[in-house]
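Participant: So I've got this file, my_file.cif, and it contains mmCIF, N, CA and C atoms:
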```
data_target
#
loop_
_atom_site.label_atom_id
_atom_site.label_comp_id
_atom_site.auth_asym_id
_atom_site.auth_seq_id
_atom_site.Cartn_x
_atom_site.Cartn_y
_atom_site.Cartn_z
N MET A 120 -57.72 6.24 -14.18
CA MET A 120 -58.92 7.05 -14.20
C MET A 120 -59.39 7.17 -15.66
N ALA A 121 -60.63 6.91 -15.89
CA ALA A 121 -61.19 7.04 -17.24
C ALA A 121 -61.34 8.51 -17.58
N CYS A 122 -61.31 8.81 -18.85
CA CYS A 122 -61.43 10.20 -19.28
C CYS A 122 -62.77 10.79 -18.87
N GLN A 123 -63.79 9.97 -18.79
CA GLN A 123 -65.11 10.46 -18.42
C GLN A 123 -65.14 10.97 -16.98
N ASN A 124 -64.16 10.66 -16.18
CA ASN A 124 -64.15 11.06 -14.78
C ASN A 124 -63.45 12.39 -14.53
N PHE A 125 -62.91 13.01 -15.57
CA PHE A 125 -62.27 14.31 -15.39
C PHE A 125 -63.31 15.35 -15.00
N VAL A 126 -62.98 16.18 -14.03
CA VAL A 126 -63.86 17.26 -13.64
C VAL A 126 -63.05 18.55 -13.70
N LEU A 127 -63.62 19.53 -14.34
CA LEU A 127 -62.95 20.83 -14.44
C LEU A 127 -63.73 21.85 -13.65
N SER A 128 -63.06 22.88 -13.20
CA SER A 128 -63.76 23.96 -12.53
C SER A 128 -63.16 25.28 -12.97
N GLY A 129 -63.91 26.31 -12.85
CA GLY A 129 -63.42 27.65 -13.14
C GLY A 129 -63.47 28.03 -14.61
N GLY A 130 -63.96 27.18 -15.49
CA GLY A 130 -64.10 27.53 -16.88
C GLY A 130 -62.79 27.79 -17.58
N TYR A 131 -61.74 27.12 -17.19
CA TYR A 131 -60.44 27.29 -17.82
C TYR A 131 -60.49 26.66 -19.20
N TYR A 132 -60.44 27.47 -20.24
CA TYR A 132 -60.67 26.95 -21.58
C TYR A 132 -59.58 26.03 -22.08
N GLN A 133 -58.39 26.09 -21.52
CA GLN A 133 -57.29 25.24 -22.00
C GLN A 133 -57.41 23.81 -21.50
N GLY A 134 -58.07 23.63 -20.37
CA GLY A 134 -58.20 22.30 -19.79
C GLY A 134 -58.78 21.25 -20.72
N PRO A 135 -59.88 21.55 -21.42
CA PRO A 135 -60.44 20.53 -22.32
C PRO A 135 -59.51 20.12 -23.44
N ILE A 136 -58.66 21.02 -23.88
CA ILE A 136 -57.69 20.65 -24.91
C ILE A 136 -56.77 19.57 -24.35
N GLU A 137 -56.30 19.78 -23.11
CA GLU A 137 -55.41 18.81 -22.47
C GLU A 137 -56.14 17.50 -22.20
N ILE A 138 -57.41 17.58 -21.80
CA ILE A 138 -58.19 16.38 -21.56
C ILE A 138 -58.36 15.60 -22.86
N GLY A 139 -58.63 16.30 -23.95
CA GLY A 139 -58.77 15.62 -25.24
C GLY A 139 -57.52 14.86 -25.59
N GLY A 140 -56.37 15.46 -25.39
CA GLY A 140 -55.10 14.79 -25.67
C GLY A 140 -54.87 13.62 -24.75
N SER A 141 -55.22 13.80 -23.48
CA SER A 141 -55.04 12.74 -22.51
C SER A 141 -55.91 11.54 -22.86
N CYS A 142 -57.15 11.80 -23.25
CA CYS A 142 -58.06 10.71 -23.63
C CYS A 142 -57.51 9.96 -24.82
N GLU A 143 -57.05 10.69 -25.80
CA GLU A 143 -56.54 10.05 -27.01
C GLU A 143 -55.30 9.23 -26.69
N SER A 144 -54.38 9.79 -25.90
CA SER A 144 -53.14 9.08 -25.62
C SER A 144 -53.39 7.83 -24.77
N ARG A 145 -54.50 7.79 -24.04
CA ARG A 145 -54.84 6.62 -23.25
C ARG A 145 -55.65 5.60 -24.06
N GLY A 146 -55.87 5.88 -25.33
CA GLY A 146 -56.57 4.94 -26.18
C GLY A 146 -58.07 5.12 -26.23
N PHE A 147 -58.60 6.18 -25.64
CA PHE A 147 -60.04 6.41 -25.71
C PHE A 147 -60.39 6.96 -27.09
N ALA A 148 -61.46 6.47 -27.66
CA ALA A 148 -61.83 6.85 -29.02
C ALA A 148 -62.59 8.16 -29.08
N ALA A 149 -63.05 8.64 -27.95
CA ALA A 149 -63.87 9.86 -27.96
C ALA A 149 -63.44 10.80 -26.85
N VAL A 150 -63.78 12.04 -27.04
CA VAL A 150 -63.53 13.07 -26.04
C VAL A 150 -64.81 13.17 -25.21
N PRO A 151 -64.71 13.22 -23.88
CA PRO A 151 -65.93 13.29 -23.07
C PRO A 151 -66.71 14.57 -23.36
N PRO A 152 -68.04 14.49 -23.41
CA PRO A 152 -68.86 15.67 -23.69
C PRO A 152 -68.59 16.81 -22.70
N GLU A 153 -68.23 16.45 -21.46
CA GLU A 153 -67.95 17.48 -20.45
C GLU A 153 -66.77 18.35 -20.86
N ALA A 154 -65.82 17.78 -21.56
CA ALA A 154 -64.66 18.57 -22.00
C ALA A 154 -65.09 19.65 -22.97
N ILE A 155 -66.00 19.30 -23.88
CA ILE A 155 -66.49 20.29 -24.84
C ILE A 155 -67.31 21.36 -24.13
N THR A 156 -68.11 20.94 -23.16
CA THR A 156 -68.90 21.90 -22.38
C THR A 156 -68.00 22.89 -21.65
N GLU A 157 -66.93 22.37 -21.02
CA GLU A 157 -66.01 23.24 -20.30
C GLU A 157 -65.25 24.17 -21.24
N LEU A 158 -64.90 23.68 -22.40
CA LEU A 158 -64.24 24.52 -23.39
C LEU A 158 -65.15 25.67 -23.78
N THR A 159 -66.42 25.37 -24.01
CA THR A 159 -67.40 26.40 -24.35
C THR A 159 -67.54 27.41 -23.22
N LYS A 160 -67.68 26.93 -22.00
CA LYS A 160 -67.79 27.84 -20.84
C LYS A 160 -66.57 28.75 -20.74
N GLY A 161 -65.41 28.16 -20.88
CA GLY A 161 -64.18 28.95 -20.77
C GLY A 161 -64.08 30.02 -21.82
N ARG A 162 -64.46 29.69 -23.05
CA ARG A 162 -64.41 30.68 -24.12
C ARG A 162 -65.41 31.81 -23.86
N LEU A 163 -66.58 31.48 -23.32
CA LEU A 163 -67.56 32.52 -22.99
C LEU A 163 -67.04 33.40 -21.86
N LEU A 164 -66.43 32.78 -20.84
CA LEU A 164 -65.84 33.56 -19.75
C LEU A 164 -64.71 34.46 -20.24
N ARG A 165 -64.00 34.00 -21.25
CA ARG A 165 -62.91 34.79 -21.83
C ARG A 165 -63.44 35.98 -22.61
N GLY A 166 -64.72 35.93 -22.97
CA GLY A 166 -65.32 37.05 -23.69
C GLY A 166 -65.44 36.85 -25.19
N ASP A 167 -65.30 35.61 -25.65
CA ASP A 167 -65.44 35.33 -27.07
C ASP A 167 -66.88 35.60 -27.52
N ASP A 168 -67.06 35.85 -28.80
CA ASP A 168 -68.37 36.11 -29.39
C ASP A 168 -69.30 34.91 -29.17
N HIS A 169 -70.46 35.17 -28.56
CA HIS A 169 -71.37 34.09 -28.18
C HIS A 169 -71.86 33.28 -29.38
N ALA A 170 -72.20 33.94 -30.46
CA ALA A 170 -72.70 33.22 -31.65
C ALA A 170 -71.61 32.33 -32.23
N LYS A 171 -70.38 32.82 -32.27
CA LYS A 171 -69.27 32.04 -32.80
C LYS A 171 -68.97 30.85 -31.90
N VAL A 172 -69.01 31.08 -30.60
CA VAL A 172 -68.76 29.99 -29.65
C VAL A 172 -69.80 28.89 -29.81
N ALA A 173 -71.07 29.29 -29.95
CA ALA A 173 -72.15 28.31 -30.12
C ALA A 173 -71.97 27.51 -31.41
N ALA A 174 -71.64 28.20 -32.49
CA ALA A 174 -71.41 27.51 -33.77
C ALA A 174 -70.23 26.56 -33.68
N ASP A 175 -69.16 27.01 -33.02
CA ASP A 175 -67.98 26.16 -32.85
C ASP A 175 -68.30 24.93 -32.00
N GLU A 176 -69.11 25.12 -30.95
CA GLU A 176 -69.46 23.98 -30.10
C GLU A 176 -70.24 22.93 -30.88
N ILE A 177 -71.20 23.37 -31.69
CA ILE A 177 -71.98 22.44 -32.50
C ILE A 177 -71.07 21.68 -33.46
N ALA A 178 -70.18 22.42 -34.13
CA ALA A 178 -69.26 21.78 -35.08
C ALA A 178 -68.34 20.79 -34.37
N LEU A 179 -67.88 21.16 -33.17
CA LEU A 179 -66.98 20.28 -32.42
C LEU A 179 -67.70 19.01 -31.99
N ARG A 180 -68.92 19.14 -31.51
CA ARG A 180 -69.69 17.96 -31.09
C ARG A 180 -69.97 17.02 -32.28
N LYS A 181 -70.29 17.61 -33.42
CA LYS A 181 -70.53 16.79 -34.62
C LYS A 181 -69.25 16.07 -35.04
N ALA A 182 -68.13 16.78 -34.99
CA ALA A 182 -66.85 16.18 -35.39
C ALA A 182 -66.47 15.03 -34.46
N VAL A 183 -66.68 15.22 -33.16
CA VAL A 183 -66.36 14.17 -32.19
C VAL A 183 -67.29 12.98 -32.37
N ALA A 184 -68.58 13.25 -32.62
CA ALA A 184 -69.53 12.16 -32.83
C ALA A 184 -69.17 11.34 -34.07
N ALA A 185 -68.68 12.02 -35.09
CA ALA A 185 -68.38 11.33 -36.35
C ALA A 185 -67.01 10.66 -36.35
N GLN A 186 -66.02 11.30 -35.70
CA GLN A 186 -64.64 10.82 -35.83
C GLN A 186 -63.91 10.60 -34.51
N GLY A 187 -64.57 10.74 -33.40
CA GLY A 187 -63.93 10.56 -32.11
C GLY A 187 -62.86 11.61 -31.85
N ALA A 188 -61.77 11.19 -31.23
CA ALA A 188 -60.70 12.12 -30.86
C ALA A 188 -60.10 12.80 -32.09
N ALA A 189 -60.00 12.07 -33.21
CA ALA A 189 -59.45 12.68 -34.42
C ALA A 189 -60.33 13.85 -34.87
N GLY A 190 -61.64 13.70 -34.74
CA GLY A 190 -62.55 14.80 -35.09
C GLY A 190 -62.32 16.01 -34.21
N PHE A 191 -62.07 15.75 -32.92
CA PHE A 191 -61.77 16.84 -31.99
C PHE A 191 -60.57 17.64 -32.47
N TRP A 192 -59.48 16.93 -32.84
CA TRP A 192 -58.25 17.62 -33.24
C TRP A 192 -58.39 18.30 -34.60
N HIS A 193 -59.14 17.69 -35.51
CA HIS A 193 -59.37 18.36 -36.80
C HIS A 193 -60.10 19.68 -36.59
N GLU A 194 -61.08 19.66 -35.72
CA GLU A 194 -61.86 20.88 -35.48
C GLU A 194 -61.02 21.93 -34.77
N ILE A 195 -60.25 21.53 -33.77
CA ILE A 195 -59.37 22.48 -33.07
C ILE A 195 -58.39 23.11 -34.06
N ARG A 196 -57.85 22.30 -34.94
CA ARG A 196 -56.92 22.83 -35.95
C ARG A 196 -57.62 23.85 -36.84
N LYS A 197 -58.84 23.57 -37.25
CA LYS A 197 -59.56 24.49 -38.12
C LYS A 197 -59.82 25.83 -37.44
N TRP A 198 -60.01 25.80 -36.13
CA TRP A 198 -60.24 27.05 -35.42
C TRP A 198 -59.07 28.02 -35.58
N ASN A 199 -57.91 27.50 -35.76
CA ASN A 199 -56.72 28.34 -35.86
C ASN A 199 -56.37 28.76 -37.28
N GLU A 200 -57.17 28.34 -38.24
CA GLU A 200 -56.93 28.71 -39.62
C GLU A 200 -57.61 30.02 -39.98
N GLY A 201 -58.47 30.52 -39.10
CA GLY A 201 -59.16 31.78 -39.35
C GLY A 201 -58.35 32.97 -38.89
N ASP A 202 -59.02 34.09 -38.77
CA ASP A 202 -58.36 35.32 -38.36
C ASP A 202 -58.21 35.44 -36.85
N TYR A 203 -58.77 34.55 -36.12
CA TYR A 203 -58.71 34.64 -34.66
C TYR A 203 -58.29 33.29 -34.09
N PRO A 204 -57.27 33.29 -33.26
CA PRO A 204 -56.89 32.02 -32.63
C PRO A 204 -57.78 31.75 -31.42
N ASN A 205 -58.33 30.55 -31.35
CA ASN A 205 -59.20 30.18 -30.24
C ASN A 205 -58.54 29.27 -29.24
N VAL A 206 -57.41 28.72 -29.60
CA VAL A 206 -56.65 27.89 -28.67
C VAL A 206 -55.23 28.40 -28.66
N GLY A 207 -54.46 27.97 -27.70
CA GLY A 207 -53.10 28.48 -27.56
C GLY A 207 -52.20 28.12 -28.73
N GLU A 208 -51.15 28.89 -28.88
CA GLU A 208 -50.20 28.68 -29.98
C GLU A 208 -49.59 27.29 -29.97
N PHE A 209 -49.34 26.76 -28.80
CA PHE A 209 -48.70 25.45 -28.71
C PHE A 209 -49.66 24.32 -29.06
N ASP A 210 -50.97 24.58 -28.97
CA ASP A 210 -51.95 23.55 -29.29
C ASP A 210 -51.99 23.24 -30.78
N VAL A 211 -51.59 24.18 -31.61
CA VAL A 211 -51.63 23.95 -33.05
C VAL A 211 -50.65 22.86 -33.46
N PRO A 212 -49.36 22.94 -33.09
CA PRO A 212 -48.48 21.82 -33.45
C PRO A 212 -48.88 20.50 -32.79
N GLN A 213 -49.44 20.57 -31.58
CA GLN A 213 -49.92 19.35 -30.93
C GLN A 213 -51.04 18.71 -31.75
N ALA A 214 -51.97 19.52 -32.19
CA ALA A 214 -53.09 18.99 -32.99
C ALA A 214 -52.58 18.37 -34.28
N TYR A 215 -51.69 19.09 -34.98
CA TYR A 215 -51.13 18.53 -36.22
C TYR A 215 -50.41 17.21 -35.96
N ALA A 216 -49.62 17.16 -34.90
CA ALA A 216 -48.88 15.93 -34.59
C ALA A 216 -49.84 14.79 -34.27
N ARG A 217 -50.88 15.06 -33.51
CA ARG A 217 -51.84 14.02 -33.16
C ARG A 217 -52.59 13.51 -34.39
N LEU A 218 -52.72 14.36 -35.40
CA LEU A 218 -53.39 13.96 -36.63
C LEU A 218 -52.44 13.29 -37.62
N GLY A 219 -51.17 13.21 -37.26
CA GLY A 219 -50.19 12.60 -38.14
C GLY A 219 -49.67 13.53 -39.23
N GLU A 220 -49.95 14.81 -39.12
CA GLU A 220 -49.51 15.80 -40.10
C GLU A 220 -48.20 16.41 -39.63
N LYS A 221 -47.14 15.62 -39.77
CA LYS A 221 -45.83 15.99 -39.23
C LYS A 221 -45.27 17.27 -39.85
N GLU A 222 -45.44 17.43 -41.14
CA GLU A 222 -44.91 18.62 -41.80
C GLU A 222 -45.52 19.89 -41.21
N GLN A 223 -46.83 19.90 -41.09
CA GLN A 223 -47.51 21.07 -40.52
C GLN A 223 -47.13 21.27 -39.04
N ALA A 224 -46.96 20.17 -38.32
CA ALA A 224 -46.55 20.27 -36.92
C ALA A 224 -45.19 20.94 -36.81
N MET A 225 -44.26 20.55 -37.67
CA MET A 225 -42.92 21.14 -37.63
C MET A 225 -42.95 22.61 -38.03
N VAL A 226 -43.73 22.95 -39.04
CA VAL A 226 -43.86 24.35 -39.45
C VAL A 226 -44.40 25.18 -38.29
N SER A 227 -45.40 24.64 -37.62
CA SER A 227 -46.00 25.33 -36.48
C SER A 227 -45.02 25.48 -35.32
N LEU A 228 -44.24 24.45 -35.04
CA LEU A 228 -43.24 24.54 -33.98
C LEU A 228 -42.19 25.59 -34.32
N GLU A 229 -41.76 25.62 -35.56
CA GLU A 229 -40.79 26.64 -35.99
C GLU A 229 -41.35 28.04 -35.79
N ARG A 230 -42.62 28.21 -36.15
CA ARG A 230 -43.27 29.52 -35.98
C ARG A 230 -43.30 29.91 -34.51
N ASN A 231 -43.64 28.95 -33.65
CA ASN A 231 -43.65 29.23 -32.21
C ASN A 231 -42.26 29.55 -31.69
N PHE A 232 -41.26 28.84 -32.20
CA PHE A 232 -39.88 29.11 -31.79
C PHE A 232 -39.48 30.53 -32.18
N GLU A 233 -39.82 30.93 -33.40
CA GLU A 233 -39.49 32.29 -33.85
C GLU A 233 -40.18 33.35 -33.03
N LYS A 234 -41.40 33.06 -32.56
CA LYS A 234 -42.15 34.00 -31.73
C LYS A 234 -41.69 33.96 -30.27
N ARG A 235 -40.84 32.98 -29.96
CA ARG A 235 -40.39 32.76 -28.59
C ARG A 235 -41.55 32.41 -27.66
N ALA A 236 -42.48 31.62 -28.19
CA ALA A 236 -43.63 31.18 -27.40
C ALA A 236 -43.12 30.35 -26.21
N PRO A 237 -43.54 30.67 -25.00
CA PRO A 237 -42.96 30.04 -23.81
C PRO A 237 -43.18 28.54 -23.72
N LEU A 238 -44.28 28.02 -24.19
CA LEU A 238 -44.55 26.59 -24.04
C LEU A 238 -43.72 25.72 -24.97
N VAL A 239 -43.02 26.31 -25.91
CA VAL A 239 -42.17 25.53 -26.79
C VAL A 239 -41.12 24.79 -25.98
N THR A 240 -40.79 25.29 -24.81
CA THR A 240 -39.79 24.61 -23.97
C THR A 240 -40.28 23.23 -23.52
N LEU A 241 -41.57 22.95 -23.65
CA LEU A 241 -42.12 21.65 -23.26
C LEU A 241 -42.08 20.63 -24.38
N LEU A 242 -41.59 21.02 -25.53
CA LEU A 242 -41.70 20.12 -26.68
C LEU A 242 -40.97 18.80 -26.50
N LYS A 243 -39.94 18.77 -25.72
CA LYS A 243 -39.17 17.54 -25.49
C LYS A 243 -39.97 16.52 -24.66
N VAL A 244 -40.84 16.99 -23.80
CA VAL A 244 -41.55 16.10 -22.88
C VAL A 244 -43.03 15.92 -23.19
N ASP A 245 -43.54 16.63 -24.17
CA ASP A 245 -44.96 16.55 -24.50
C ASP A 245 -45.23 15.27 -25.30
N PRO A 246 -46.06 14.35 -24.77
CA PRO A 246 -46.31 13.10 -25.48
C PRO A 246 -47.00 13.30 -26.84
N ALA A 247 -47.70 14.41 -27.01
CA ALA A 247 -48.35 14.68 -28.29
C ALA A 247 -47.32 14.81 -29.41
N LEU A 248 -46.10 15.18 -29.06
CA LEU A 248 -45.07 15.41 -30.06
C LEU A 248 -44.10 14.24 -30.21
N ASP A 249 -44.38 13.13 -29.55
CA ASP A 249 -43.48 11.98 -29.61
C ASP A 249 -43.21 11.52 -31.04
N THR A 250 -44.19 11.61 -31.91
CA THR A 250 -44.01 11.15 -33.29
C THR A 250 -43.03 12.02 -34.07
N LEU A 251 -42.68 13.18 -33.53
CA LEU A 251 -41.77 14.09 -34.22
C LEU A 251 -40.31 13.88 -33.81
N HIS A 252 -40.07 13.14 -32.75
CA HIS A 252 -38.72 13.01 -32.19
C HIS A 252 -37.71 12.45 -33.20
N SER A 253 -38.15 11.64 -34.13
CA SER A 253 -37.22 11.07 -35.11
C SER A 253 -36.94 12.00 -36.28
N ASP A 254 -37.65 13.10 -36.36
CA ASP A 254 -37.46 14.05 -37.46
C ASP A 254 -36.19 14.87 -37.20
N PRO A 255 -35.28 14.94 -38.17
CA PRO A 255 -34.04 15.72 -37.97
C PRO A 255 -34.31 17.20 -37.66
N ARG A 256 -35.40 17.73 -38.17
CA ARG A 256 -35.74 19.13 -37.88
C ARG A 256 -36.11 19.32 -36.41
N PHE A 257 -36.72 18.30 -35.82
CA PHE A 257 -37.05 18.35 -34.41
C PHE A 257 -35.77 18.37 -33.58
N GLU A 258 -34.83 17.51 -33.93
CA GLU A 258 -33.53 17.48 -33.23
C GLU A 258 -32.81 18.82 -33.38
N ASP A 259 -32.89 19.39 -34.56
CA ASP A 259 -32.27 20.69 -34.80
C ASP A 259 -32.92 21.78 -33.95
N LEU A 260 -34.24 21.71 -33.84
CA LEU A 260 -34.96 22.68 -33.01
C LEU A 260 -34.54 22.56 -31.55
N LEU A 261 -34.43 21.33 -31.05
CA LEU A 261 -33.94 21.13 -29.68
C LEU A 261 -32.55 21.73 -29.50
N ARG A 262 -31.68 21.51 -30.47
CA ARG A 262 -30.32 22.04 -30.40
C ARG A 262 -30.35 23.57 -30.36
N ARG A 263 -31.14 24.19 -31.22
CA ARG A 263 -31.20 25.66 -31.26
C ARG A 263 -31.80 26.24 -29.99
N MET A 264 -32.62 25.44 -29.29
CA MET A 264 -33.20 25.90 -28.04
C MET A 264 -32.30 25.58 -26.84
N ASN A 265 -31.18 24.94 -27.12
CA ASN A 265 -30.25 24.51 -26.06
C ASN A 265 -30.91 23.55 -25.09
N LEU A 266 -31.77 22.68 -25.62
CA LEU A 266 -32.39 21.64 -24.80
C LEU A 266 -31.64 20.34 -25.03
N PRO A 267 -31.57 19.48 -24.03
CA PRO A 267 -30.88 18.20 -24.23
C PRO A 267 -31.57 17.38 -25.32
N GLN A 268 -30.75 16.68 -26.09
CA GLN A 268 -31.31 15.89 -27.19
C GLN A 268 -31.36 14.42 -26.87
#
```
Would you put the structure from the file into structure tokens?

Facilitator:
Amino acid sequence: MACQNFVLSGGYYQGPIEIGGSCESRGFAAVPPEAITELTKGRLLRGDDHAKVAADEIALRKAVAAQGAAGFWHEIRKWNEGDYPNVGEFDVPQAYARLGEKEQAMVSLERNFEKRAPLVTLLKVDPALDTLHSDPRFEDLLRRMNLPQ
């Protein structure tokens, strides 16, 4: 199934993040515009500030137009550098890993581990984090979480 064929319903804001990753991992150079639309809808349904959501959507569309999937992840990462997180805690290390920023990905995973973020338990099976598997800190994190290595 091509990434353009994904259909979301209910305005679930996390879905487009997953679609973006799925598109990239399948070799697609761009994130489908529908994913950005659904992300915007979900954030509005969540009650985020309308002006901020609109500005973020414009920036995200420009980033995707200029850089494809990499632009998507750069923009998602920037959203989490402010005072308000707009995507889930686990999306930050995923974005860093997808951008090849292994050091930041590991720092983010450690932070999630310390917070006991529930999705950290998926780190062994998440394809976004495959590039981290050879890092000794990743193996150490698996060991401390009592996950098979």

Participant: At a cut-off of 7 Å, using only N, CA and C atoms, what residues contact stretch 173-181 of chain A? Leave out same-chain residues fewer than 6 positions from it and give the result as number ranges by chain.

Facilitator: A: 155, 159, 190-191, 194-195

Participant: Please expand the PyMOL selection byres ((chain A and resi 247) around 7) into the concrete residues it hits in this file, giving the result as a PyMOL selection string.

Facilitator: chain A and resi 212-213+216-217+244-246+248-251

Participant: Keeping only N, CA and C atoms, write the selected residues to a file as an mmCIF file, in the coordinates of the input.

Facilitator:
```
data_model
loop_
_atom_site.group_PDB
_atom_site.id
_atom_site.type_symbol
_atom_site.label_atom_id
_atom_site.label_comp_id
_atom_site.auth_asym_id
_atom_site.auth_seq_id
_atom_site.Cartn_x
_atom_site.Cartn_y
_atom_site.Cartn_z
ATOM 1 N N PRO A 212 -49.360 22.940 -33.090
ATOM 2 C CA PRO A 212 -48.480 21.820 -33.450
ATOM 3 C C PRO A 212 -48.880 20.500 -32.790
ATOM 4 N N GLN A 213 -49.440 20.570 -31.580
ATOM 5 C CA GLN A 213 -49.920 19.350 -30.930
ATOM 6 C C GLN A 213 -51.040 18.710 -31.750
ATOM 7 N N ALA A 216 -49.620 17.160 -34.900
ATOM 8 C CA ALA A 216 -48.880 15.930 -34.590
ATOM 9 C C ALA A 216 -49.840 14.790 -34.270
ATOM 10 N N ARG A 217 -50.880 15.060 -33.510
ATOM 11 C CA ARG A 217 -51.840 14.020 -33.160
ATOM 12 C C ARG A 217 -52.590 13.510 -34.390
ATOM 13 N N VAL A 244 -40.840 16.990 -23.800
ATOM 14 C CA VAL A 244 -41.550 16.100 -22.880
ATOM 15 C C VAL A 244 -43.030 15.920 -23.190
ATOM 16 N N ASP A 245 -43.540 16.630 -24.170
ATOM 17 C CA ASP A 245 -44.960 16.550 -24.500
ATOM 18 C C ASP A 245 -45.230 15.270 -25.300
ATOM 19 N N PRO A 246 -46.060 14.350 -24.770
ATOM 20 C CA PRO A 246 -46.310 13.100 -25.480
ATOM 21 C C PRO A 246 -47.000 13.300 -26.840
ATOM 22 N N LEU A 248 -46.100 15.180 -29.060
ATOM 23 C CA LEU A 248 -45.070 15.410 -30.060
ATOM 24 C C LEU A 248 -44.100 14.240 -30.210
ATOM 25 N N ASP A 249 -44.380 13.130 -29.550
ATOM 26 C CA ASP A 249 -43.480 11.980 -29.610
ATOM 27 C C ASP A 249 -43.210 11.520 -31.040
ATOM 28 N N THR A 250 -44.190 11.610 -31.910
ATOM 29 C CA THR A 250 -44.010 11.150 -33.290
ATOM 30 C C THR A 250 -43.030 12.020 -34.070
ATOM 31 N N LEU A 251 -42.680 13.180 -33.530
ATOM 32 C CA LEU A 251 -41.770 14.090 -34.220
ATOM 33 C C LEU A 251 -40.310 13.880 -33.810
#
```

Participant: Between atom CA of A:Ser227 and atom C of A:Asp168, what distance in Å does the model show, to one decimal?

Facilitator: 26.2 Å

Participant: Do you have the atom N of A:Arg263-atom C of A:Met225 distance handy?

Facilitator: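 Computed distance, atom N of A:Arg263 to atom C of A:Met225, equals 13.7 Å.
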
Participant: Just to confirm, what's the straight-line distance from atom C of A:Phe232 to atom N of A:Pro267 in Å (one decimal)?

Facilitator: 15.8 Å

Participant: When distances are computed from all atoms listed in the file, which of A:Glu222, A:Arg196, A:Leu241, A:Leu266 shows the smallest separation from A:Asp210?

Facilitator: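 Answer, going by the shortest atom-to-atom distance: A:Arg196.
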
Participant: For A:Val172, which of A:Asn265, A:Asn231, A:Ser253, A:Thr156 is the closest residue, counting only C-alpha atoms?

Facilitator: A:Thr156
